[in-house]
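Chemist: query_34.pdb is the file, holding PDB, C-alpha atoms:
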ATOM      1  CA  MET A   1       0.000   0.000   0.000
ATOM      2  CA  ARG A   2       2.844   2.397   0.880
ATOM      3  CA  ARG A   3       4.514   1.650  -2.483
ATOM      4  CA  LEU A   4       1.264   2.447  -4.342
ATOM      5  CA  VAL A   5       0.928   5.772  -2.483
ATOM      6  CA  LEU A   6       4.554   6.700  -3.252
ATOM      7  CA  PHE A   7       4.055   5.819  -6.950
ATOM      8  CA  ILE A   8       0.934   8.002  -7.168
ATOM      9  CA  LEU A   9       2.704  10.923  -5.457
ATOM     10  CA  THR A  10       5.679  10.605  -7.840
ATOM     11  CA  ILE A  11       3.460  10.687 -10.919
ATOM     12  CA  ALA A  12       1.574  13.691  -9.545
ATOM     13  CA  ILE A  13       4.811  15.626  -8.955
ATOM     14  CA  ILE A  14       6.024  14.875 -12.509
ATOM     15  CA  VAL A  15       2.707  15.994 -14.045
ATOM     16  CA  ILE A  16       2.661  19.224 -11.996
ATOM     17  CA  GLY A  17       6.269  19.901 -13.008
ATOM     18  CA  ILE A  18       5.489  19.426 -16.688
ATOM     19  CA  ARG A  19       2.486  21.760 -16.509
ATOM     20  CA  GLN A  20       4.511  24.471 -14.735
ATOM     21  CA  SER A  21       7.526  24.187 -17.029
ATOM     22  CA  PRO A  22       7.663  26.813 -19.809
ATOM     23  CA  LEU A  23       6.949  25.545 -23.302
ATOM     24  CA  ARG A  24       9.970  25.636 -25.586
ATOM     25  CA  ALA A  25       9.589  26.085 -29.309
ATOM     26  CA  GLN A  26      11.028  23.376 -31.514
ATOM     27  CA  SER A  27      13.891  24.268 -33.784
ATOM     28  CA  PRO A  28      12.418  25.816 -36.892
ATOM     29  CA  ASP A  29      12.918  24.261 -40.310
ATOM     30  CA  PRO A  30      15.720  25.774 -42.387
ATOM     31  CA  MET A  31      14.545  29.053 -43.822
ATOM     32  CA  VAL A  32      13.892  29.225 -47.553
ATOM     33  CA  LEU A  33      14.628  32.613 -49.052
ATOM     34  CA  ARG A  34      12.643  33.562 -52.138
ATOM     35  CA  ARG A  35      13.615  36.258 -54.582
ATOM     36  CA  ASN A  36      11.306  37.716 -57.196
ATOM     37  CA  VAL A  37      12.518  38.795 -60.606
ATOM     38  CA  GLU A  38      10.737  41.042 -63.064
ATOM     39  CA  LEU A  39      11.050  38.735 -66.071
ATOM     40  CA  THR A  40       8.380  36.960 -68.101
ATOM     41  CA  GLY A  41       8.323  33.791 -70.160
ATOM     42  CA  GLY A  42      11.192  31.358 -69.948
ATOM     43  CA  VAL A  43      14.097  32.510 -67.769
ATOM     44  CA  TRP A  44      17.657  31.725 -68.841
ATOM     45  CA  PRO A  45      20.717  31.977 -66.577
ATOM     46  CA  GLY A  46      24.098  33.211 -67.753
ATOM     47  CA  ASP A  47      26.910  35.610 -66.916
ATOM     48  CA  PHE A  48      26.155  38.451 -69.325
ATOM     49  CA  ASN A  49      28.602  41.016 -67.921
ATOM     50  CA  GLY A  50      31.585  38.788 -67.121
ATOM     51  CA  ASP A  51      31.700  39.392 -63.378
ATOM     52  CA  GLY A  52      31.379  35.716 -62.431
ATOM     53  CA  VAL A  53      27.850  36.198 -61.044
ATOM     54  CA  THR A  54      24.816  34.509 -62.568
ATOM     55  CA  ASP A  55      22.423  36.852 -64.349
ATOM     56  CA  LEU A  56      18.974  36.118 -65.798
ATOM     57  CA  ALA A  57      17.416  36.744 -69.196
ATOM     58  CA  GLY A  58      13.704  36.446 -69.892
ATOM     59  CA  GLY A  59      11.188  38.053 -72.182
ATOM     60  CA  SER A  60      13.133  40.848 -73.856
ATOM     61  CA  ARG A  61      15.050  41.876 -70.757
ATOM     62  CA  VAL A  62      18.065  40.984 -68.624
ATOM     63  CA  GLN A  63      18.545  41.304 -64.874
ATOM     64  CA  LEU A  64      22.146  41.339 -63.682
ATOM     65  CA  GLY A  65      22.868  39.440 -60.488
ATOM     66  CA  ASN A  66      24.292  41.051 -57.348
ATOM     67  CA  GLY A  67      25.821  37.806 -56.102
ATOM     68  CA  ASP A  68      23.600  37.523 -53.026
ATOM     69  CA  GLY A  69      20.466  36.140 -54.652
ATOM     70  CA  THR A  70      19.129  39.545 -55.602
ATOM     71  CA  PHE A  71      19.145  41.206 -58.994
ATOM     72  CA  LYS A  72      19.430  44.687 -60.415
ATOM     73  CA  ALA A  73      16.576  46.377 -62.235
ATOM     74  CA  PRO A  74      15.835  44.808 -65.625
ATOM     75  CA  THR A  75      17.293  46.298 -68.793
ATOM     76  CA  ASP A  76      16.062  45.770 -72.333
ATOM     77  CA  ILE A  77      18.123  43.692 -74.762
ATOM     78  CA  GLY A  78      17.354  46.150 -77.550
ATOM     79  CA  TYR A  79      15.570  43.595 -79.717
ATOM     80  CA  PRO A  80      11.758  43.294 -79.928
ATOM     81  CA  GLY A  81      11.570  39.601 -79.194
ATOM     82  CA  ALA A  82      11.487  37.055 -76.358
ATOM     83  CA  VAL A  83      14.624  35.178 -75.363
ATOM     84  CA  LEU A  84      14.563  31.474 -76.303
ATOM     85  CA  GLY A  85      18.132  30.520 -75.421
ATOM     86  CA  VAL A  86      21.625  31.616 -74.480
ATOM     87  CA  GLY A  87      25.072  30.862 -75.919
ATOM     88  CA  ASP A  88      28.221  32.301 -77.484
ATOM     89  CA  PHE A  89      27.446  32.227 -81.194
ATOM     90  CA  ASN A  90      30.286  34.390 -82.552
ATOM     91  CA  ARG A  91      33.083  32.888 -80.426
ATOM     92  CA  ASP A  92      34.105  36.147 -78.780
ATOM     93  CA  GLY A  93      33.742  34.814 -75.235
ATOM     94  CA  LYS A  94      30.623  36.884 -74.549
ATOM     95  CA  LEU A  95      27.162  35.426 -74.098
ATOM     96  CA  ASP A  96      24.560  36.127 -76.773
ATOM     97  CA  VAL A  97      20.848  35.297 -76.822
ATOM     98  CA  VAL A  98      18.468  33.718 -79.320
ATOM     99  CA  ALA A  99      15.249  35.724 -79.458
ATOM    100  CA  ALA A 100      11.997  35.411 -81.405
ATOM    101  CA  GLN A 101       9.611  38.138 -82.458
ATOM    102  CA  GLY A 102       5.860  37.868 -82.765
ATOM    103  CA  ARG A 103       3.719  39.411 -85.446
ATOM    104  CA  PRO A 104       4.218  40.550 -88.116
ATOM    105  CA  SER A 105       7.737  39.264 -88.873
ATOM    106  CA  TYR A 106       8.060  36.240 -86.526
ATOM    107  CA  GLU A 107      11.821  36.654 -86.969
ATOM    108  CA  VAL A 108      14.238  34.536 -84.942
ATOM    109  CA  ALA A 109      17.656  36.096 -84.468
ATOM    110  CA  VAL A 110      20.864  35.823 -82.469
ATOM    111  CA  VAL A 111      21.357  39.074 -80.535
ATOM    112  CA  LEU A 112      25.049  39.584 -79.835
ATOM    113  CA  GLY A 113      26.173  40.406 -76.311
ATOM    114  CA  ASN A 114      28.638  43.215 -75.632
ATOM    115  CA  GLY A 115      30.004  41.531 -72.510
ATOM    116  CA  ASP A 116      28.796  44.260 -70.145
ATOM    117  CA  GLY A 117      25.159  43.228 -69.827
ATOM    118  CA  THR A 118      24.069  45.088 -72.937
ATOM    119  CA  PHE A 119      23.447  43.785 -76.443
ATOM    120  CA  GLY A 120      24.176  45.059 -79.924
ATOM    121  CA  SER A 121      23.548  43.889 -83.458
ATOM    122  CA  SER A 122      21.542  40.817 -84.400
ATOM    123  CA  TRP A 123      22.047  37.945 -86.840
ATOM    124  CA  HIS A 124      18.953  36.718 -88.661
ATOM    125  CA  VAL A 125      18.414  32.952 -88.343
ATOM    126  CA  SER A 126      14.901  32.189 -89.578
ATOM    127  CA  THR A 127      11.241  32.750 -88.724
ATOM    128  CA  GLY A 128       8.497  31.026 -86.781
ATOM    129  CA  ALA A 129       9.937  29.309 -83.693
ATOM    130  CA  SER A 130       8.569  28.871 -80.184
ATOM    131  CA  TYR A 131      11.677  27.178 -78.741
ATOM    132  CA  ALA A 132      15.365  26.947 -79.575
ATOM    133  CA  LEU A 133      18.222  24.589 -78.771
ATOM    134  CA  SER A 134      21.865  25.239 -79.551
ATOM    135  CA  ALA A 135      25.193  23.406 -79.619
ATOM    136  CA  ASP A 136      28.066  22.706 -81.995
ATOM    137  CA  LEU A 137      26.555  19.832 -83.962
ATOM    138  CA  ASP A 138      29.180  19.437 -86.707
ATOM    139  CA  GLY A 139      32.394  19.950 -84.760
ATOM    140  CA  ASP A 140      33.530  23.151 -86.479
ATOM    141  CA  GLY A 141      33.572  25.177 -83.270
ATOM    142  CA  ASN A 142      30.502  27.251 -84.146
ATOM    143  CA  ARG A 143      27.316  26.959 -82.103
ATOM    144  CA  ASP A 144      24.484  25.761 -84.358
ATOM    145  CA  VAL A 145      20.775  26.340 -83.735
ATOM    146  CA  VAL A 146      17.759  24.017 -83.647
ATOM    147  CA  LEU A 147      14.435  25.841 -83.979
ATOM    148  CA  GLY A 148      11.071  24.252 -83.302
ATOM    149  CA  ASN A 149       7.383  24.950 -83.199
ATOM    150  CA  GLU A 150       4.260  22.772 -83.122
ATOM    151  CA  ASP A 151       4.669  21.931 -86.824
ATOM    152  CA  ASP A 152       8.331  21.068 -87.311
ATOM    153  CA  VAL A 153      11.887  21.137 -85.975
ATOM    154  CA  ARG A 154      14.687  22.483 -88.174
ATOM    155  CA  VAL A 155      18.468  22.488 -87.809
ATOM    156  CA  PHE A 156      20.511  25.536 -88.862
ATOM    157  CA  GLN A 157      24.262  25.519 -89.390
ATOM    158  CA  ASN A 158      26.154  28.495 -87.986
ATOM    159  CA  LEU A 159      28.614  29.551 -90.703
ATOM    160  CA  GLY A 160      30.479  31.742 -88.225
ATOM    161  CA  THR A 161      30.078  34.828 -90.387
ATOM    162  CA  GLY A 162      26.721  36.063 -89.150
ATOM    163  CA  SER A 163      24.818  33.699 -91.411
ATOM    164  CA  PHE A 164      22.797  30.568 -90.704
ATOM    165  CA  VAL A 165      21.629  28.035 -93.270
ATOM    166  CA  GLU A 166      18.932  25.398 -92.806
ATOM    167  CA  VAL A 167      20.486  21.966 -93.292
ATOM    168  CA  VAL A 168      17.793  19.501 -92.246
ATOM    169  CA  SER A 169      14.216  19.270 -91.020
ATOM    170  CA  LEU A 170      13.832  16.471 -88.482
ATOM    171  CA  PRO A 171      11.273  13.886 -89.690
ATOM    172  CA  GLY A 172       8.632  11.776 -87.954
ATOM    173  CA  LEU A 173       7.366  14.416 -85.543
ATOM    174  CA  MET A 174       3.738  15.139 -84.681
ATOM    175  CA  PHE A 175       3.110  18.247 -82.569
ATOM    176  CA  PRO A 176       6.763  18.386 -81.422
ATOM    177  CA  LYS A 177       7.415  20.040 -78.100
ATOM    178  CA  ASP A 178      10.608  21.294 -76.506
ATOM    179  CA  GLY A 179      13.733  19.172 -76.168
ATOM    180  CA  VAL A 180      17.408  19.040 -75.315
ATOM    181  CA  ILE A 181      20.771  18.486 -76.980
ATOM    182  CA  ALA A 182      22.999  15.892 -75.298
ATOM    183  CA  ASP A 183      25.422  13.107 -76.181
ATOM    184  CA  VAL A 184      23.217  10.175 -75.174
ATOM    185  CA  ASN A 185      25.313   7.369 -76.709
ATOM    186  CA  GLY A 186      28.740   8.554 -75.607
ATOM    187  CA  ASP A 187      30.309   8.884 -79.054
ATOM    188  CA  GLY A 188      31.401  12.489 -78.554
ATOM    189  CA  LYS A 189      28.717  13.910 -80.863
ATOM    190  CA  ARG A 190      25.767  15.884 -79.569
ATOM    191  CA  ASP A 191      22.385  14.327 -80.288
ATOM    192  CA  ILE A 192      18.963  15.998 -80.499
ATOM    193  CA  LEU A 193      16.036  14.849 -78.331
ATOM    194  CA  ILE A 194      12.525  16.168 -78.985
ATOM    195  CA  GLY A 195       9.280  15.575 -77.102
ATOM    196  CA  ASN A 196       7.128  13.961 -79.827
ATOM    197  CA  HIS A 197       3.789  14.801 -78.241
ATOM    198  CA  TYR A 198       1.129  12.915 -80.216
ATOM    199  CA  TRP A 199       3.348   9.909 -80.947
ATOM    200  CA  TYR A 200       3.679   9.321 -77.175
ATOM    201  CA  LYS A 201       7.469   9.179 -77.307
ATOM    202  CA  VAL A 202      10.705  11.096 -77.257
ATOM    203  CA  SER A 203      12.340  11.154 -80.668
ATOM    204  CA  VAL A 204      16.105  10.829 -80.365
ATOM    205  CA  PHE A 205      18.191  11.870 -83.358
ATOM    206  CA  LEU A 206      21.648  10.339 -83.008
ATOM    207  CA  ASN A 207      24.289  12.572 -84.558
ATOM    208  CA  GLN A 208      26.364  10.817 -87.226
ATOM    209  CA  GLY A 209      28.315  13.953 -88.181
ATOM    210  CA  ALA A 210      27.920  16.381 -91.085
ATOM    211  CA  PHE A 211      24.310  17.058 -90.011
ATOM    212  CA  THR A 212      23.116  13.514 -90.651
ATOM    213  CA  PHE A 213      21.158  11.741 -87.955
ATOM    214  CA  THR A 214      19.938   8.250 -87.103
ATOM    215  CA  ALA A 215      16.499   8.038 -85.522
ATOM    216  CA  ALA A 216      15.742   6.257 -82.262
ATOM    217  CA  ASP A 217      12.610   6.210 -80.119
ATOM    218  CA  VAL A 218      11.982   6.238 -76.392
ATOM    219  CA  THR A 219       8.326   5.300 -75.947
ATOM    220  CA  PHE A 220       6.302   5.594 -72.741
ATOM    221  CA  GLY A 221       2.709   5.932 -71.640
ATOM    222  CA  GLY A 222       2.148   9.628 -72.018
ATOM    223  CA  GLN A 223       2.284  12.609 -74.332
ATOM    224  CA  ALA A 224       5.805  14.016 -74.291
ATOM    225  CA  ASN A 225       5.898  17.742 -73.634
ATOM    226  CA  ASP A 226       9.572  18.169 -72.798
ATOM    227  CA  VAL A 227      12.686  16.147 -72.035
ATOM    228  CA  THR A 228      15.991  16.765 -70.332
ATOM    229  CA  ALA A 229      19.058  14.588 -69.806
ATOM    230  CA  ALA A 230      21.353  14.049 -66.817
ATOM    231  CA  ASP A 231      23.007  11.213 -64.904
ATOM    232  CA  PHE A 232      20.346  10.719 -62.232
ATOM    233  CA  ASN A 233      21.674   7.464 -60.742
ATOM    234  CA  GLY A 234      25.429   8.108 -60.849
ATOM    235  CA  ASP A 235      26.335   5.275 -63.214
ATOM    236  CA  GLY A 236      28.094   7.551 -65.692
ATOM    237  CA  LYS A 237      25.335   7.284 -68.312
ATOM    238  CA  LEU A 238      22.842   9.939 -69.293
ATOM    239  CA  ASP A 239      19.248   9.286 -68.248
ATOM    240  CA  LEU A 240      16.122  11.055 -69.462
ATOM    241  CA  ALA A 241      13.480  12.948 -67.494
ATOM    242  CA  ILE A 242      10.340  13.365 -69.568
ATOM    243  CA  ALA A 243       7.511  15.813 -68.875
ATOM    244  CA  SER A 244       4.110  14.483 -69.867
ATOM    245  CA  ALA A 245       0.662  15.998 -69.629
ATOM    246  CA  SER A 246      -2.760  14.850 -70.754
ATOM    247  CA  GLY A 247      -5.791  16.804 -69.640
ATOM    248  CA  GLY A 248      -3.887  19.398 -67.646
ATOM    249  CA  ASP A 249      -1.867  17.615 -64.964
ATOM    250  CA  GLY A 250       1.846  17.030 -65.535
ATOM    251  CA  ASP A 251       3.736  13.824 -64.895
ATOM    252  CA  TRP A 252       7.450  13.067 -64.987
ATOM    253  CA  TRP A 253       8.797   9.843 -66.409
ATOM    254  CA  PHE A 254      12.358   8.630 -66.002
ATOM    255  CA  ARG A 255      14.258   6.380 -68.361
ATOM    256  CA  GLY A 256      17.730   4.975 -67.747
ATOM    257  CA  GLY A 257      20.054   5.535 -70.653
ATOM    258  CA  PRO A 258      21.034   4.777 -73.199
ATOM    259  CA  ARG A 259      18.437   2.071 -73.954
ATOM    260  CA  LEU A 260      17.180   3.388 -77.266
ATOM    261  CA  ARG A 261      15.376   1.511 -79.997
ATOM    262  CA  ARG A 262      16.894   1.999 -83.447
ATOM    263  CA  ALA A 263      14.273   3.109 -85.969
ATOM    264  CA  GLY A 264      16.058   3.962 -89.205
ATOM    265  CA  GLN A 265      18.388   6.390 -90.927
ATOM    266  CA  TRP A 266      18.033   9.170 -93.454
TER     267      TRP A 266
END
Just give me the structure as structure tokens.
Modeler:
Amino acid sequence: MRRLVLFILTIAIIVIGIRQSPLRAQSPDPMVLRRNVELTGGVWPGDFNGDGVTDLAGGSRVQLGNGDGTFKAPTDIGYPGAVLGVGDFNRDGKLDVVAAQGRPSYEVAVVLGNGDGTFGSSWHVSTGASYALSADLDGDGNRDVVLGNEDDVRVFQNLGTGSFVEVVSLPGLMFPKDGVIADVNGDGKRDILIGNHYWYKVSVFLNQGAFTFTAADVTFGGQANDVTAADFNGDGKLDLAIASASGGDGDWWFRGGPRLRRAGQW
């Protein structure tokens, strides 16, 4: 009986002590800092003024980075079009942009960077594109351009003189969406991957050199809206992340690489 009384008294003391003890807040989760930028459309990172700090381009404007996650006020690129991509197209070590106009001209041009965050003259590429990819596809040191819309995808060779010439239109696409350029088979040549929306696959165009390509398909159970490539599992091989949407909601599909089905050559 005495032990039961002592046990009850002990519990009562503990409960009273807990109630009288001040409540202590738990350690908060790590803070997430959000920065807003005044850019519209797709946003493209790059160092446009050569200070080693990442800047942003979007719409027809550029915001230079301060190096602390904030950005200066936006400045216009001086070309009446929206930025579709970034790269050094004239090999001067300064970043340029690919931009596309709307009506009435629908021109797509490379707008040359001055290296100080401003831009100068433009090189006409073509017309009628809603997205652009770029890389040196033929090994001549010049950055070539791939332009696409919902009707077709075309490849343009950069002659290095301010001129671009269309060299091939990629076949077998139905409502092609955005894509990526990456060396998916490890042969040292950059390949072109396009979200082939209504064929429910990603069309992979393996680069054979001299702007010839061999077709390969990555099929899956959704409409391909976009694709990117990276080594997601650390095995040294490029994998694919595919954006798919049907009826409004987006899904992501992952494919280990390179397991590609050969489909033909042209």
Chemist: Please provide as a short mmCIF file (atom, residue, chain, number, x, y, z; two decimals) with C-alpha atoms, in the frame of the given file all residues within 9 Å of region 75-83 of chain A, with the sequence filter that same-chain residues fewer than 6 positions apart are discarded (counting all atoms listed in the file).
Modeler:
data_model
loop_
_atom_site.label_atom_id
_atom_site.label_comp_id
_atom_site.auth_asym_id
_atom_site.auth_seq_id
_atom_site.Cartn_x
_atom_site.Cartn_y
_atom_site.Cartn_z
CA THR A 40 8.38 36.96 -68.10
CA GLY A 41 8.32 33.79 -70.16
CA GLY A 42 11.19 31.36 -69.95
CA VAL A 43 14.10 32.51 -67.77
CA TRP A 44 17.66 31.72 -68.84
CA ALA A 57 17.42 36.74 -69.20
CA GLY A 58 13.70 36.45 -69.89
CA GLY A 59 11.19 38.05 -72.18
CA SER A 60 13.13 40.85 -73.86
CA ARG A 61 15.05 41.88 -70.76
CA VAL A 62 18.07 40.98 -68.62
CA GLN A 63 18.55 41.30 -64.87
CA LEU A 64 22.15 41.34 -63.68
CA VAL A 97 20.85 35.30 -76.82
CA VAL A 98 18.47 33.72 -79.32
CA ALA A 99 15.25 35.72 -79.46
CA ALA A 100 12.00 35.41 -81.40
CA GLN A 101 9.61 38.14 -82.46
CA GLY A 102 5.86 37.87 -82.76
CA TYR A 106 8.06 36.24 -86.53
CA GLU A 107 11.82 36.65 -86.97
CA VAL A 108 14.24 34.54 -84.94
CA ALA A 109 17.66 36.10 -84.47
CA VAL A 111 21.36 39.07 -80.54
CA GLY A 113 26.17 40.41 -76.31
CA GLY A 117 25.16 43.23 -69.83
CA THR A 118 24.07 45.09 -72.94
CA PHE A 119 23.45 43.78 -76.44
CA GLY A 120 24.18 45.06 -79.92
CA SER A 121 23.55 43.89 -83.46
CA SER A 122 21.54 40.82 -84.40
#
Chemist: Measure the distance from CA of Glu150 (chain A) to CA of Phe211 (chain A) in Å and round it to one decimal.
Modeler: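 Interatomic distance here is 22.0 Å.
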Chemist: To one decimal place, how far is CA of Asp51 (chain A) from CA of Lys94 (chain A) in Å?
Modeler: 11.5 Å
Chemist: Identify the residues around (25.6, 28.4, -73.4) within a radius of 12 Å, measuring from all atoms listed in the file in the coordinates stated by the file, and give them as a PyMOL selection string.
Modeler: chain A and resi 44-48+84-91+93-98+133-136+142-145+181
Chemist: Could you model N, CA, C and O atoms for region 101-125 of chain A and present them as a PDB file, in the coordinates of the input?
Modeler:
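Dumped to part13.pdb:
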ATOM      1  N   GLN A 101      10.650  37.135 -82.410  1.00  0.00           N
ATOM      2  CA  GLN A 101       9.611  38.138 -82.458  1.00  0.00           C
ATOM      3  C   GLN A 101       8.242  37.492 -82.696  1.00  0.00           C
ATOM      4  O   GLN A 101       8.146  36.362 -83.163  1.00  0.00           O
ATOM      5  N   GLY A 102       7.206  38.262 -82.410  1.00  0.00           N
ATOM      6  CA  GLY A 102       5.860  37.868 -82.765  1.00  0.00           C
ATOM      7  C   GLY A 102       5.467  38.492 -84.095  1.00  0.00           C
ATOM      8  O   GLY A 102       6.309  38.732 -84.956  1.00  0.00           O
ATOM      9  N   ARG A 103       4.192  38.798 -84.227  1.00  0.00           N
ATOM     10  CA  ARG A 103       3.719  39.411 -85.446  1.00  0.00           C
ATOM     11  C   ARG A 103       4.355  40.781 -85.648  1.00  0.00           C
ATOM     12  O   ARG A 103       4.646  41.467 -84.681  1.00  0.00           O
ATOM     13  N   PRO A 104       4.557  41.244 -86.870  1.00  0.00           N
ATOM     14  CA  PRO A 104       4.218  40.550 -88.116  1.00  0.00           C
ATOM     15  C   PRO A 104       5.352  39.705 -88.699  1.00  0.00           C
ATOM     16  O   PRO A 104       5.130  38.912 -89.590  1.00  0.00           O
ATOM     17  N   SER A 105       6.591  39.887 -88.191  1.00  0.00           N
ATOM     18  CA  SER A 105       7.737  39.264 -88.873  1.00  0.00           C
ATOM     19  C   SER A 105       8.012  37.837 -88.414  1.00  0.00           C
ATOM     20  O   SER A 105       8.486  37.013 -89.193  1.00  0.00           O
ATOM     21  N   TYR A 106       7.750  37.542 -87.123  1.00  0.00           N
ATOM     22  CA  TYR A 106       8.060  36.240 -86.526  1.00  0.00           C
ATOM     23  C   TYR A 106       9.550  35.894 -86.682  1.00  0.00           C
ATOM     24  O   TYR A 106       9.919  34.721 -86.690  1.00  0.00           O
ATOM     25  N   GLU A 107      10.397  36.900 -86.774  1.00  0.00           N
ATOM     26  CA  GLU A 107      11.821  36.654 -86.969  1.00  0.00           C
ATOM     27  C   GLU A 107      12.449  36.006 -85.742  1.00  0.00           C
ATOM     28  O   GLU A 107      12.089  36.309 -84.596  1.00  0.00           O
ATOM     29  N   VAL A 108      13.389  35.098 -85.978  1.00  0.00           N
ATOM     30  CA  VAL A 108      14.238  34.536 -84.942  1.00  0.00           C
ATOM     31  C   VAL A 108      15.660  34.982 -85.240  1.00  0.00           C
ATOM     32  O   VAL A 108      16.141  34.836 -86.376  1.00  0.00           O
ATOM     33  N   ALA A 109      16.330  35.541 -84.244  1.00  0.00           N
ATOM     34  CA  ALA A 109      17.656  36.096 -84.468  1.00  0.00           C
ATOM     35  C   ALA A 109      18.555  35.816 -83.273  1.00  0.00           C
ATOM     36  O   ALA A 109      18.088  35.596 -82.154  1.00  0.00           O
ATOM     37  N   VAL A 110      19.861  35.828 -83.525  1.00  0.00           N
ATOM     38  CA  VAL A 110      20.864  35.823 -82.469  1.00  0.00           C
ATOM     39  C   VAL A 110      21.227  37.275 -82.181  1.00  0.00           C
ATOM     40  O   VAL A 110      21.648  38.009 -83.094  1.00  0.00           O
ATOM     41  N   VAL A 111      21.032  37.706 -80.942  1.00  0.00           N
ATOM     42  CA  VAL A 111      21.357  39.074 -80.535  1.00  0.00           C
ATOM     43  C   VAL A 111      22.689  39.017 -79.795  1.00  0.00           C
ATOM     44  O   VAL A 111      22.818  38.342 -78.772  1.00  0.00           O
ATOM     45  N   LEU A 112      23.678  39.705 -80.332  1.00  0.00           N
ATOM     46  CA  LEU A 112      25.049  39.584 -79.835  1.00  0.00           C
ATOM     47  C   LEU A 112      25.252  40.382 -78.555  1.00  0.00           C
ATOM     48  O   LEU A 112      24.872  41.562 -78.467  1.00  0.00           O
ATOM     49  N   GLY A 113      25.873  39.746 -77.570  1.00  0.00           N
ATOM     50  CA  GLY A 113      26.173  40.406 -76.311  1.00  0.00           C
ATOM     51  C   GLY A 113      27.446  41.220 -76.394  1.00  0.00           C
ATOM     52  O   GLY A 113      28.410  40.843 -77.060  1.00  0.00           O
ATOM     53  N   ASN A 114      27.458  42.360 -75.676  1.00  0.00           N
ATOM     54  CA  ASN A 114      28.638  43.215 -75.632  1.00  0.00           C
ATOM     55  C   ASN A 114      29.579  42.856 -74.490  1.00  0.00           C
ATOM     56  O   ASN A 114      30.661  43.438 -74.378  1.00  0.00           O
ATOM     57  N   GLY A 115      29.151  41.940 -73.622  1.00  0.00           N
ATOM     58  CA  GLY A 115      30.004  41.531 -72.510  1.00  0.00           C
ATOM     59  C   GLY A 115      29.861  42.370 -71.275  1.00  0.00           C
ATOM     60  O   GLY A 115      30.530  42.112 -70.264  1.00  0.00           O
ATOM     61  N   ASP A 116      29.006  43.399 -71.308  1.00  0.00           N
ATOM     62  CA  ASP A 116      28.796  44.260 -70.145  1.00  0.00           C
ATOM     63  C   ASP A 116      27.342  44.267 -69.690  1.00  0.00           C
ATOM     64  O   ASP A 116      26.916  45.153 -68.947  1.00  0.00           O
ATOM     65  N   GLY A 117      26.576  43.294 -70.173  1.00  0.00           N
ATOM     66  CA  GLY A 117      25.159  43.228 -69.827  1.00  0.00           C
ATOM     67  C   GLY A 117      24.262  43.895 -70.835  1.00  0.00           C
ATOM     68  O   GLY A 117      23.039  43.862 -70.683  1.00  0.00           O
ATOM     69  N   THR A 118      24.857  44.496 -71.861  1.00  0.00           N
ATOM     70  CA  THR A 118      24.069  45.088 -72.937  1.00  0.00           C
ATOM     71  C   THR A 118      24.260  44.263 -74.203  1.00  0.00           C
ATOM     72  O   THR A 118      25.136  43.403 -74.283  1.00  0.00           O
ATOM     73  N   PHE A 119      23.428  44.564 -75.210  1.00  0.00           N
ATOM     74  CA  PHE A 119      23.447  43.785 -76.443  1.00  0.00           C
ATOM     75  C   PHE A 119      23.469  44.729 -77.636  1.00  0.00           C
ATOM     76  O   PHE A 119      23.017  45.874 -77.571  1.00  0.00           O
ATOM     77  N   GLY A 120      24.015  44.225 -78.753  1.00  0.00           N
ATOM     78  CA  GLY A 120      24.176  45.059 -79.924  1.00  0.00           C
ATOM     79  C   GLY A 120      23.428  44.544 -81.130  1.00  0.00           C
ATOM     80  O   GLY A 120      22.217  44.352 -81.090  1.00  0.00           O
ATOM     81  N   SER A 121      24.160  44.280 -82.198  1.00  0.00           N
ATOM     82  CA  SER A 121      23.548  43.889 -83.458  1.00  0.00           C
ATOM     83  C   SER A 121      22.988  42.477 -83.378  1.00  0.00           C
ATOM     84  O   SER A 121      23.287  41.711 -82.458  1.00  0.00           O
ATOM     85  N   SER A 122      22.174  42.134 -84.365  1.00  0.00           N
ATOM     86  CA  SER A 122      21.542  40.817 -84.400  1.00  0.00           C
ATOM     87  C   SER A 122      21.834  40.118 -85.716  1.00  0.00           C
ATOM     88  O   SER A 122      22.045  40.757 -86.749  1.00  0.00           O
ATOM     89  N   TRP A 123      21.866  38.793 -85.664  1.00  0.00           N
ATOM     90  CA  TRP A 123      22.047  37.945 -86.840  1.00  0.00           C
ATOM     91  C   TRP A 123      20.722  37.237 -87.113  1.00  0.00           C
ATOM     92  O   TRP A 123      20.209  36.512 -86.256  1.00  0.00           O
ATOM     93  N   HIS A 124      20.182  37.406 -88.293  1.00  0.00           N
ATOM     94  CA  HIS A 124      18.953  36.718 -88.661  1.00  0.00           C
ATOM     95  C   HIS A 124      19.215  35.216 -88.791  1.00  0.00           C
ATOM     96  O   HIS A 124      20.203  34.802 -89.395  1.00  0.00           O
ATOM     97  N   VAL A 125      18.317  34.409 -88.219  1.00  0.00           N
ATOM     98  CA  VAL A 125      18.414  32.952 -88.343  1.00  0.00           C
ATOM     99  C   VAL A 125      17.293  32.423 -89.226  1.00  0.00           C
ATOM    100  O   VAL A 125      17.515  31.775 -90.241  1.00  0.00           O
TER     101      VAL A 125
END
